[in-house]
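Q: Mind having a look at this structure? Questions to follow.
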Amino acid sequence: MLDTHPDLTSDVIFGLGWLYTILFLMNIGWTLRAYNLKLENKFLSGLAGSHIPSASVWAIYSGVLMMTALAHFTGSSSPESFVVRMPGFLKAGVDWFADPVRYFCLSIGLFVGVVMLRKQLVKPTVAWSLLNLSILFLGLSMTDYDFRLIVGKPDNVPIVGMLFILAFFTWLYFKRAVDNDQRIKDGRPLFEQEKNDKILVWPDLVYSELICMIALTAFLVLWGIALQAPLEEAANAAATPNPSKAPWYFLGLQEMLVYFDPWLAGVVLPSLILVGLAVIPYIDFNKRGNGYYSYEERKFAVLTFLFGFLPLWVAMIVLGTFLRGPNWNVFGIYEYWDVHKLEAANNKNLSDFFWLYWPTGEMLGGMPKYNPQGSAAEMVIAILVREWLGIVLVLGYFMVSPIIMALTVFRKFYVKMGFIRYMIMANLLLWMAALPIKMVLRWTVSLKYIVAIPEYFFNI
Amino acid sequence: MSIGEYIRESQVWKSIFRHPAPYDRRNRIVVMLTNFFLHLHPVSIKQQGIALSYTWCMGGITFFLFLVETITGVLLMFYYRPTLEWAFRDILSLRDVQTLGIMREIHRWGAHAMVITVWLHMYRVFLTGSYKPPREFNWVVGVILLVLTLLLSFTGYLLPWDQLAIWAITVGSNMAKATPFLGSEGPGYQLLNVGNYPLITPISDARFLLLGARNVGEETLNRFYILHCVAIPLVVATLIAIHFWRVRKDGGISQPL
């Protein structure tokens with residue numbers, strides 16, 4: 001019987017052969033580097049009780065890669081019996097994270113881990129091993145039909161590339177920052193201050209620019225040849241695709257629609273993101289860390305920015321792009337996009353809790369109702385009574401909590417920033433925190449809206 | 001006299017380049033001052049200021065990609081008609097028939113790359129604290145350029161007029177319906193009335209302004225085409241000029257104080 005969704009085909013195996021060849025060559029380079037620097041593998045040397053050079057370990061690993069590549073080239077004719085593929089238990093393990101709660105916890109955990117372990121991560125060997133692991137993960141994952149389907153979509157390819165590039169630059173930032181932090185601690189000059197003579201722009205800069213432009217042009221042309229721009233069937237207003245996705249860079253916003261109404265997720269929060277970005281220079285009163293990489297000197301600013309960019313923006317784009325399938329359900333990266341997958345949605349508003357589920361409702365005589373034909377004032381009063389708890393909570397969140405924070409955790413900030421600056425910063429932070437807060441409330445108590453006034457399309 | 005020397009000594013050459021070739025220190029300085037394109041740069045610069053590991057080159061790459069998008073975009077405009085009848089067919093023909101069809105690939109991948117490089121540029125500027133005084137305002141200009149880059153990409157997404165295009169724009173522009181006060185399904189739109197006559201309706205709200213119609217249709221295609229090819233690029237080009245000007249005026253590329 002012909003399998004219409006084959007995990008492996010001859011072309012895939014052959015292509016992966018090239019991937020492993022490239023990885024093999026990269027690791028040969030790394031082996032030579034370890035050899036030239038006469039590095040020692042301390043862990044294995046300790047185990048064996050004798051000197052074991054790093055280069056020999058990398059050489060053995062490279063040899064395994066070479067044989068893997070050869071096995072792919074020679075075994076590509078019989079894909080059914082080919083053995084190098086992603087093991088089932090690993091697929092199950094990765095797909096276990098295909099759930100908003102676990103996924104979000106994972107991204108927060110990674111974020112915290114990177115920041116905490118930055119001094120270990122910036123070591124070349126650790127970084128190189130992680131790069132190898134992620135390429136091996138990608139290569140092995142390509143042996144899965146559903147993974148190839150979603151990652152191989154032309155518009156998704158740039159996002160995979162972006163993840164690698166972003167990981168690299170985040171690593172580079174921490175490398176430079178950890179270095180500079182140590183220099184400041186030791187009282188040595190910053191990295192940026194060493195070997196910093198004035199040089200002429202012609203030829204040093206203009207030639208770099210020229211080379212860069214030529215390389216980029218070649219890169220774009222090759223990319224254009226290798227990967228055709230997507231073009232689906234002609235537009236048809238009658239056939240709504242399932243799922244309908246916004247362009248990839250807006251998928252973080254689309255993901256917020258799960259937790260917020262469109263007026264917040266689609267209008268207010270994006271505007272606040274931009275306003276928040278624009279006011280950064282005016283609320284960051286810290287004079288240090290200007291013009292060089294550092295972490296210790298501006299922890300709060302860096303952590304806030306990284307938190308907003310990595311787990312709240314990029315990770316949400318990844319979730320929206322690779323994991324959101326039909327009916328906006330979450331699917332594992334190795335999972336088939338089943339249109340009939342059902343997820344129970346039984347979310348309740350805070351006013352439902354107050355008037356229907358908690359004993360307070362019975363005590364106060366049930367949820368307030370109004371006559372739809374009655375006067376507007378009557379309706380507004382009924383709504384305000386119905387939603388009073390949510391309104392008080394939201395007002396308290398934005399008006400009282402800045403004051404409490406000014407008296408406690410942000411005391412120094414308040415003194416240095418003054419009232420207006422401080423209030424702007426505090427409110428922006430509260431808006432940023434609103435998303436994780438709403439997420440947690442949704443996951444734990446199935447809360448839909450804190451304030452639910454559908455009569456005026458005003459739901460929070 | 002070699003041919004090269006003959007050309008460089010000619011009146012025509014000297015009328016274009018007003019100084020000898022930049023082989024010595026003096027002329028390497030003069031070339032930066034007298035050439036229109038090069039004078040965006042300073043004459044000399046700190047070594048670490050242009051080190052790749054410091055700048056990541058992302059701002060420059062973004063600008064270069066903007067130029068690539070402009071050139072490929074102009075070429076694509078020769079082949080593309082923004083009408084319901086032709087838009088999709090012209091893209092098909094670019095894919096299957098036209099010699100310069102690869103321009104569409106370069107344009108699309110360049111656009112994705114530009115969004116990514118803008119983010120990375122902003123990332124780098126933040127992480128080096130380069131938005132701090134005296135460069136605060138240039139950071140704000142950069143944020144506006146970020147928005148415009150996203151809008152350029154968003155408006156361009158519609159032009160192929162395939163399923164991917166119209167539904168992505170439908171999803172994106174549906175948000176405008178929920179604009180507070182100005183969207184026909186936004187909070188508080190009922191408050192904008194003249195007597196009993198509502199000002200905000202599905203044919204007079206923010207979404208209608210964006211689409212030029214109740215749904216993504218030919219009016220939207222025309223609107224997005226003009227925004228994509230003329231209006232936004234003009235604003236972006238102006239702001240890029242200001243951005244570069246301010247880089248120079250605010251003390252050049254950031255350095256430890």
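Chain labels run A, B, ... following the order of the structure tokens; each chain numbers its residues from 1, and ligands are numbered from 1 in the order shown.
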Can you list every residue of chain B that has an atom at most 6 Å from chain A, with its nearest atom pair and the distance in Å to one decimal, using only C-alpha atoms, ordered by chain then number, as a Markdown table?

A:
```
| residue | atom | partner | partner_atom | distance |
| --- | --- | --- | --- | --- |
| B:Arg28 | CA | A:Trp202 | CA | 5.7 |
| B:Val43 | CA | A:Val201 | CA | 5.6 |
| B:Ser44 | CA | A:Leu200 | CA | 4.2 |
| B:Ile45 | CA | A:Lys198 | CA | 5.2 |
| B:Lys46 | CA | A:Lys198 | CA | 4.4 |
| B:Gln47 | CA | A:Asn196 | CA | 5.0 |
| B:Gln48 | CA | A:Asn196 | CA | 5.5 |
| B:Glu105 | CA | A:Gly224 | CA | 4.9 |
| B:Ile106 | CA | A:Gly224 | CA | 5.4 |
| B:Thr128 | CA | A:Tyr293 | CA | 4.7 |
| B:Gly129 | CA | A:Asn290 | CA | 4.6 |
| B:Ser130 | CA | A:Gly291 | CA | 5.2 |
| B:Tyr131 | CA | A:Pro281 | CA | 5.8 |
| B:Lys132 | CA | A:Pro281 | CA | 5.6 |
| B:Glu136 | CA | A:Pro281 | CA | 5.2 |
| B:Val140 | CA | A:Ala278 | CA | 5.0 |
| B:Trp161 | CA | A:Ala235 | CA | 5.5 |
| B:Asp162 | CA | A:Ala235 | CA | 4.2 |
| B:Gln163 | CA | A:Ala235 | CA | 4.4 |
| B:Ala168 | CA | A:Ala246 | CA | 4.2 |
| B:Val171 | CA | A:Ala246 | CA | 5.6 |
| B:Gly172 | CA | A:Ala246 | CA | 5.6 |
| B:Met175 | CA | A:Gly266 | CA | 5.0 |
| B:Ala178 | CA | A:Trp263 | CA | 4.5 |
| B:Thr179 | CA | A:Trp263 | CA | 5.5 |
| B:Gly186 | CA | A:Phe457 | CA | 5.8 |
| B:Pro187 | CA | A:Phe457 | CA | 4.7 |
| B:Ser254 | CA | A:Gly291 | CA | 4.8 |
| B:Gln255 | CA | A:Gly291 | CA | 4.3 |
| B:Pro256 | CA | A:Gly291 | CA | 4.6 |
```

Q: Would you please give, as number ranges by chain, all residues of region 118-166 of chain B that DSSP assigns to helix (DSSP H, G or I) based on the backbone?

A: B: 118-127, 136-158, 163-166

Q: Just want the 12 Å neighbourhood of region 356-365 of chain A, counted on only C-alpha atoms, with same-chain residues fewer than 6 positions away dropped. Output as a ChimeraX atom specification.

A: /A:348-350,385-386,389

Q: Suppose you want the space between CA of Pro6 (chain A) and CA of Glu343 (chain A); what is it in Å?

A: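 Between these atoms lies a distance of 27.8 Å.
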
Q: With a distance cut-off of 9 Å and only C-alpha atoms, select the neighbouring residues of Val12 (chain A), excluding the residue or stretch itself and same-chain residues fewer than 6 positions from it, and output the selection as a PyMOL selection string.

A: chain A and resi 76+79+142-143

Q: Using only C-alpha atoms, which of B:Gln98, B:Thr117, B:Asn27, B:Gln11 sits nearest Gly59 (chain B)?

A: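 Residue with the minimum atom-to-atom distance to Gly59 (chain B): B:Thr117.
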
Q: Can you work out which one of A:Phe104, A:Trp18, A:Phe137, A:Phe307 has the shortest atom-to-atom distance to Met86 (chain A), counting only C-alpha atoms?

A: A:Phe137

Q: At a cut-off of 8 Å, using only C-alpha atoms, what residues contact Ala69 (chain A)? Leave out same-chain residues fewer than 6 positions from it and give the result as a PyMOL selection string.

A: chain A and resi 16-21

Q: Quick one: residues within 8 Å of region 148-160 of chain B, only C-alpha atoms counted, chain neighbours fewer than 6 positions away excluded, as a ChimeraX atom specification?

A: /A:231,247,249 /B:82,87-88,91,111-112,114-115,166,168-169,221,224-225,227-228,232-233,236

Q: Would you save the residues from that selection as a PDB file, in the first residue's frame, using N, CA, C and O atoms?

A:
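The new file again_29.pdb reads:
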```pdb
ATOM      1  N   LEU A 231       2.616  30.790  -3.237  1.00  0.00           N
ATOM      2  CA  LEU A 231       1.460  31.293  -3.975  1.00  0.00           C
ATOM      3  C   LEU A 231       0.394  30.212  -3.902  1.00  0.00           C
ATOM      4  O   LEU A 231       0.585  29.105  -4.398  1.00  0.00           O
ATOM      5  N   PRO A 247      -0.030  37.611   8.897  1.00  0.00           N
ATOM      6  CA  PRO A 247       1.386  37.441   8.559  1.00  0.00           C
ATOM      7  C   PRO A 247       2.193  37.078   9.813  1.00  0.00           C
ATOM      8  O   PRO A 247       1.832  37.476  10.916  1.00  0.00           O
ATOM      9  N   TYR A 249       4.768  37.932  11.475  1.00  0.00           N
ATOM     10  CA  TYR A 249       5.260  38.849  12.502  1.00  0.00           C
ATOM     11  C   TYR A 249       4.141  39.383  13.365  1.00  0.00           C
ATOM     12  O   TYR A 249       4.389  40.059  14.355  1.00  0.00           O
TER      13      TYR A 249
ATOM     14  N   PRO B  82      -2.692  46.017 -10.278  1.00  0.00           N
ATOM     15  CA  PRO B  82      -3.445  45.774  -9.036  1.00  0.00           C
ATOM     16  C   PRO B  82      -4.949  45.785  -9.264  1.00  0.00           C
ATOM     17  O   PRO B  82      -5.656  46.624  -8.747  1.00  0.00           O
ATOM     18  N   ALA B  87      -4.324  40.820 -10.948  1.00  0.00           N
ATOM     19  CA  ALA B  87      -3.299  40.723  -9.900  1.00  0.00           C
ATOM     20  C   ALA B  87      -2.750  39.303  -9.770  1.00  0.00           C
ATOM     21  O   ALA B  87      -1.535  39.073  -9.880  1.00  0.00           O
ATOM     22  N   PHE B  88      -3.645  38.335  -9.541  1.00  0.00           N
ATOM     23  CA  PHE B  88      -3.185  36.968  -9.322  1.00  0.00           C
ATOM     24  C   PHE B  88      -2.533  36.403 -10.578  1.00  0.00           C
ATOM     25  O   PHE B  88      -1.486  35.750 -10.518  1.00  0.00           O
ATOM     26  N   ILE B  91       0.978  37.592 -11.062  1.00  0.00           N
ATOM     27  CA  ILE B  91       1.934  36.914 -10.182  1.00  0.00           C
ATOM     28  C   ILE B  91       2.225  35.509 -10.729  1.00  0.00           C
ATOM     29  O   ILE B  91       3.383  35.062 -10.736  1.00  0.00           O
ATOM     30  N   ALA B 111      11.892  41.009   2.056  1.00  0.00           N
ATOM     31  CA  ALA B 111      10.959  41.649   2.984  1.00  0.00           C
ATOM     32  C   ALA B 111      10.959  40.941   4.332  1.00  0.00           C
ATOM     33  O   ALA B 111      11.012  41.576   5.382  1.00  0.00           O
ATOM     34  N   HIS B 112      10.901  39.598   4.294  1.00  0.00           N
ATOM     35  CA  HIS B 112      10.966  38.855   5.560  1.00  0.00           C
ATOM     36  C   HIS B 112      12.277  39.175   6.272  1.00  0.00           C
ATOM     37  O   HIS B 112      12.290  39.431   7.482  1.00  0.00           O
ATOM     38  N   MET B 114      14.077  41.749   6.052  1.00  0.00           N
ATOM     39  CA  MET B 114      14.129  43.124   6.545  1.00  0.00           C
ATOM     40  C   MET B 114      13.415  43.243   7.887  1.00  0.00           C
ATOM     41  O   MET B 114      13.902  43.940   8.797  1.00  0.00           O
ATOM     42  N   VAL B 115      12.278  42.566   8.031  1.00  0.00           N
ATOM     43  CA  VAL B 115      11.587  42.587   9.324  1.00  0.00           C
ATOM     44  C   VAL B 115      12.515  42.036  10.404  1.00  0.00           C
ATOM     45  O   VAL B 115      12.660  42.619  11.490  1.00  0.00           O
ATOM     46  N   ILE B 166      -5.366  37.293   0.964  1.00  0.00           N
ATOM     47  CA  ILE B 166      -6.574  37.996   1.422  1.00  0.00           C
ATOM     48  C   ILE B 166      -6.969  37.571   2.825  1.00  0.00           C
ATOM     49  O   ILE B 166      -7.501  38.369   3.583  1.00  0.00           O
ATOM     50  N   ALA B 168      -4.898  36.571   5.317  1.00  0.00           N
ATOM     51  CA  ALA B 168      -3.998  37.189   6.296  1.00  0.00           C
ATOM     52  C   ALA B 168      -4.412  38.648   6.519  1.00  0.00           C
ATOM     53  O   ALA B 168      -4.430  39.142   7.649  1.00  0.00           O
ATOM     54  N   ILE B 169      -4.755  39.345   5.438  1.00  0.00           N
ATOM     55  CA  ILE B 169      -5.159  40.751   5.576  1.00  0.00           C
ATOM     56  C   ILE B 169      -6.518  40.842   6.256  1.00  0.00           C
ATOM     57  O   ILE B 169      -6.780  41.742   7.054  1.00  0.00           O
ATOM     58  N   LEU B 221      -7.302  46.381  -2.510  1.00  0.00           N
ATOM     59  CA  LEU B 221      -6.102  46.092  -3.304  1.00  0.00           C
ATOM     60  C   LEU B 221      -5.475  47.388  -3.793  1.00  0.00           C
ATOM     61  O   LEU B 221      -4.267  47.601  -3.676  1.00  0.00           O
ATOM     62  N   PHE B 224      -3.994  49.353  -0.766  1.00  0.00           N
ATOM     63  CA  PHE B 224      -2.759  48.771  -0.259  1.00  0.00           C
ATOM     64  C   PHE B 224      -1.626  48.924  -1.275  1.00  0.00           C
ATOM     65  O   PHE B 224      -0.467  49.089  -0.908  1.00  0.00           O
ATOM     66  N   TYR B 225      -1.980  48.852  -2.559  1.00  0.00           N
ATOM     67  CA  TYR B 225      -0.965  49.010  -3.602  1.00  0.00           C
ATOM     68  C   TYR B 225      -0.325  50.385  -3.515  1.00  0.00           C
ATOM     69  O   TYR B 225       0.908  50.522  -3.533  1.00  0.00           O
ATOM     70  N   LEU B 227      -0.380  52.454  -0.917  1.00  0.00           N
ATOM     71  CA  LEU B 227       0.363  52.570   0.338  1.00  0.00           C
ATOM     72  C   LEU B 227       1.714  51.870   0.225  1.00  0.00           C
ATOM     73  O   LEU B 227       2.743  52.384   0.653  1.00  0.00           O
ATOM     74  N   HIS B 228       1.687  50.671  -0.369  1.00  0.00           N
ATOM     75  CA  HIS B 228       2.888  49.841  -0.420  1.00  0.00           C
ATOM     76  C   HIS B 228       3.942  50.412  -1.359  1.00  0.00           C
ATOM     77  O   HIS B 228       5.126  50.375  -1.065  1.00  0.00           O
ATOM     78  N   ILE B 232       3.993  54.777   1.802  1.00  0.00           N
ATOM     79  CA  ILE B 232       4.871  54.389   2.913  1.00  0.00           C
ATOM     80  C   ILE B 232       6.348  54.492   2.519  1.00  0.00           C
ATOM     81  O   ILE B 232       7.148  55.021   3.295  1.00  0.00           O
ATOM     82  N   PRO B 233       6.752  54.032   1.312  1.00  0.00           N
ATOM     83  CA  PRO B 233       8.179  54.175   0.970  1.00  0.00           C
ATOM     84  C   PRO B 233       8.670  55.615   1.026  1.00  0.00           C
ATOM     85  O   PRO B 233       9.802  55.863   1.457  1.00  0.00           O
ATOM     86  N   VAL B 236       9.154  56.392   4.635  1.00  0.00           N
ATOM     87  CA  VAL B 236      10.288  55.632   5.148  1.00  0.00           C
ATOM     88  C   VAL B 236      11.603  56.257   4.673  1.00  0.00           C
ATOM     89  O   VAL B 236      12.531  56.454   5.470  1.00  0.00           O
TER      90      VAL B 236
END
```

Q: For each of B:Val74, B:Val143, B:Met1, B:Val216, take the minimum atom-to-atom distance to His243 (chain B), counting only C-alpha atoms, then give the residue where this is smallest.

A: B:Val143

Q: Using only C-alpha atoms for the distances, tell me which of A:Leu70, A:Val178, A:Ile420, A:Leu65 is nearest to Val115 (chain A).

A: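 The answer is A:Val178, which sits nearest to Val115 (chain A).
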
Q: Can you tell me which residues surround Phe322 (chain A) at a distance of at most 7 Å, considering only C-alpha atoms, apart from same-chain residues fewer than 4 positions away, and format the answer as a ChimeraX atom specification?

A: /A:150,318,333

Q: I need the chosen residues saved as a PDB file, in the first residue's frame, with C-alpha atoms.

A:
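Writing the result to again_29.pdb gives the following:
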```
ATOM      1  CA  ILE A 150       4.778  22.880   8.922  1.00  0.00           C
ATOM      2  CA  VAL A 318       6.687  30.454  17.268  1.00  0.00           C
ATOM      3  CA  ILE A 333       5.190  19.732  15.865  1.00  0.00           C
TER       4      ILE A 333
END
```

Q: Using only C-alpha atoms, pick whichever of A:Ile437, A:Leu310, A:Leu138, A:Met425 has the shortest atom-to-atom distance to Trp119 (chain B).

A: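 Nearest to Trp119 (chain B): A:Leu310.
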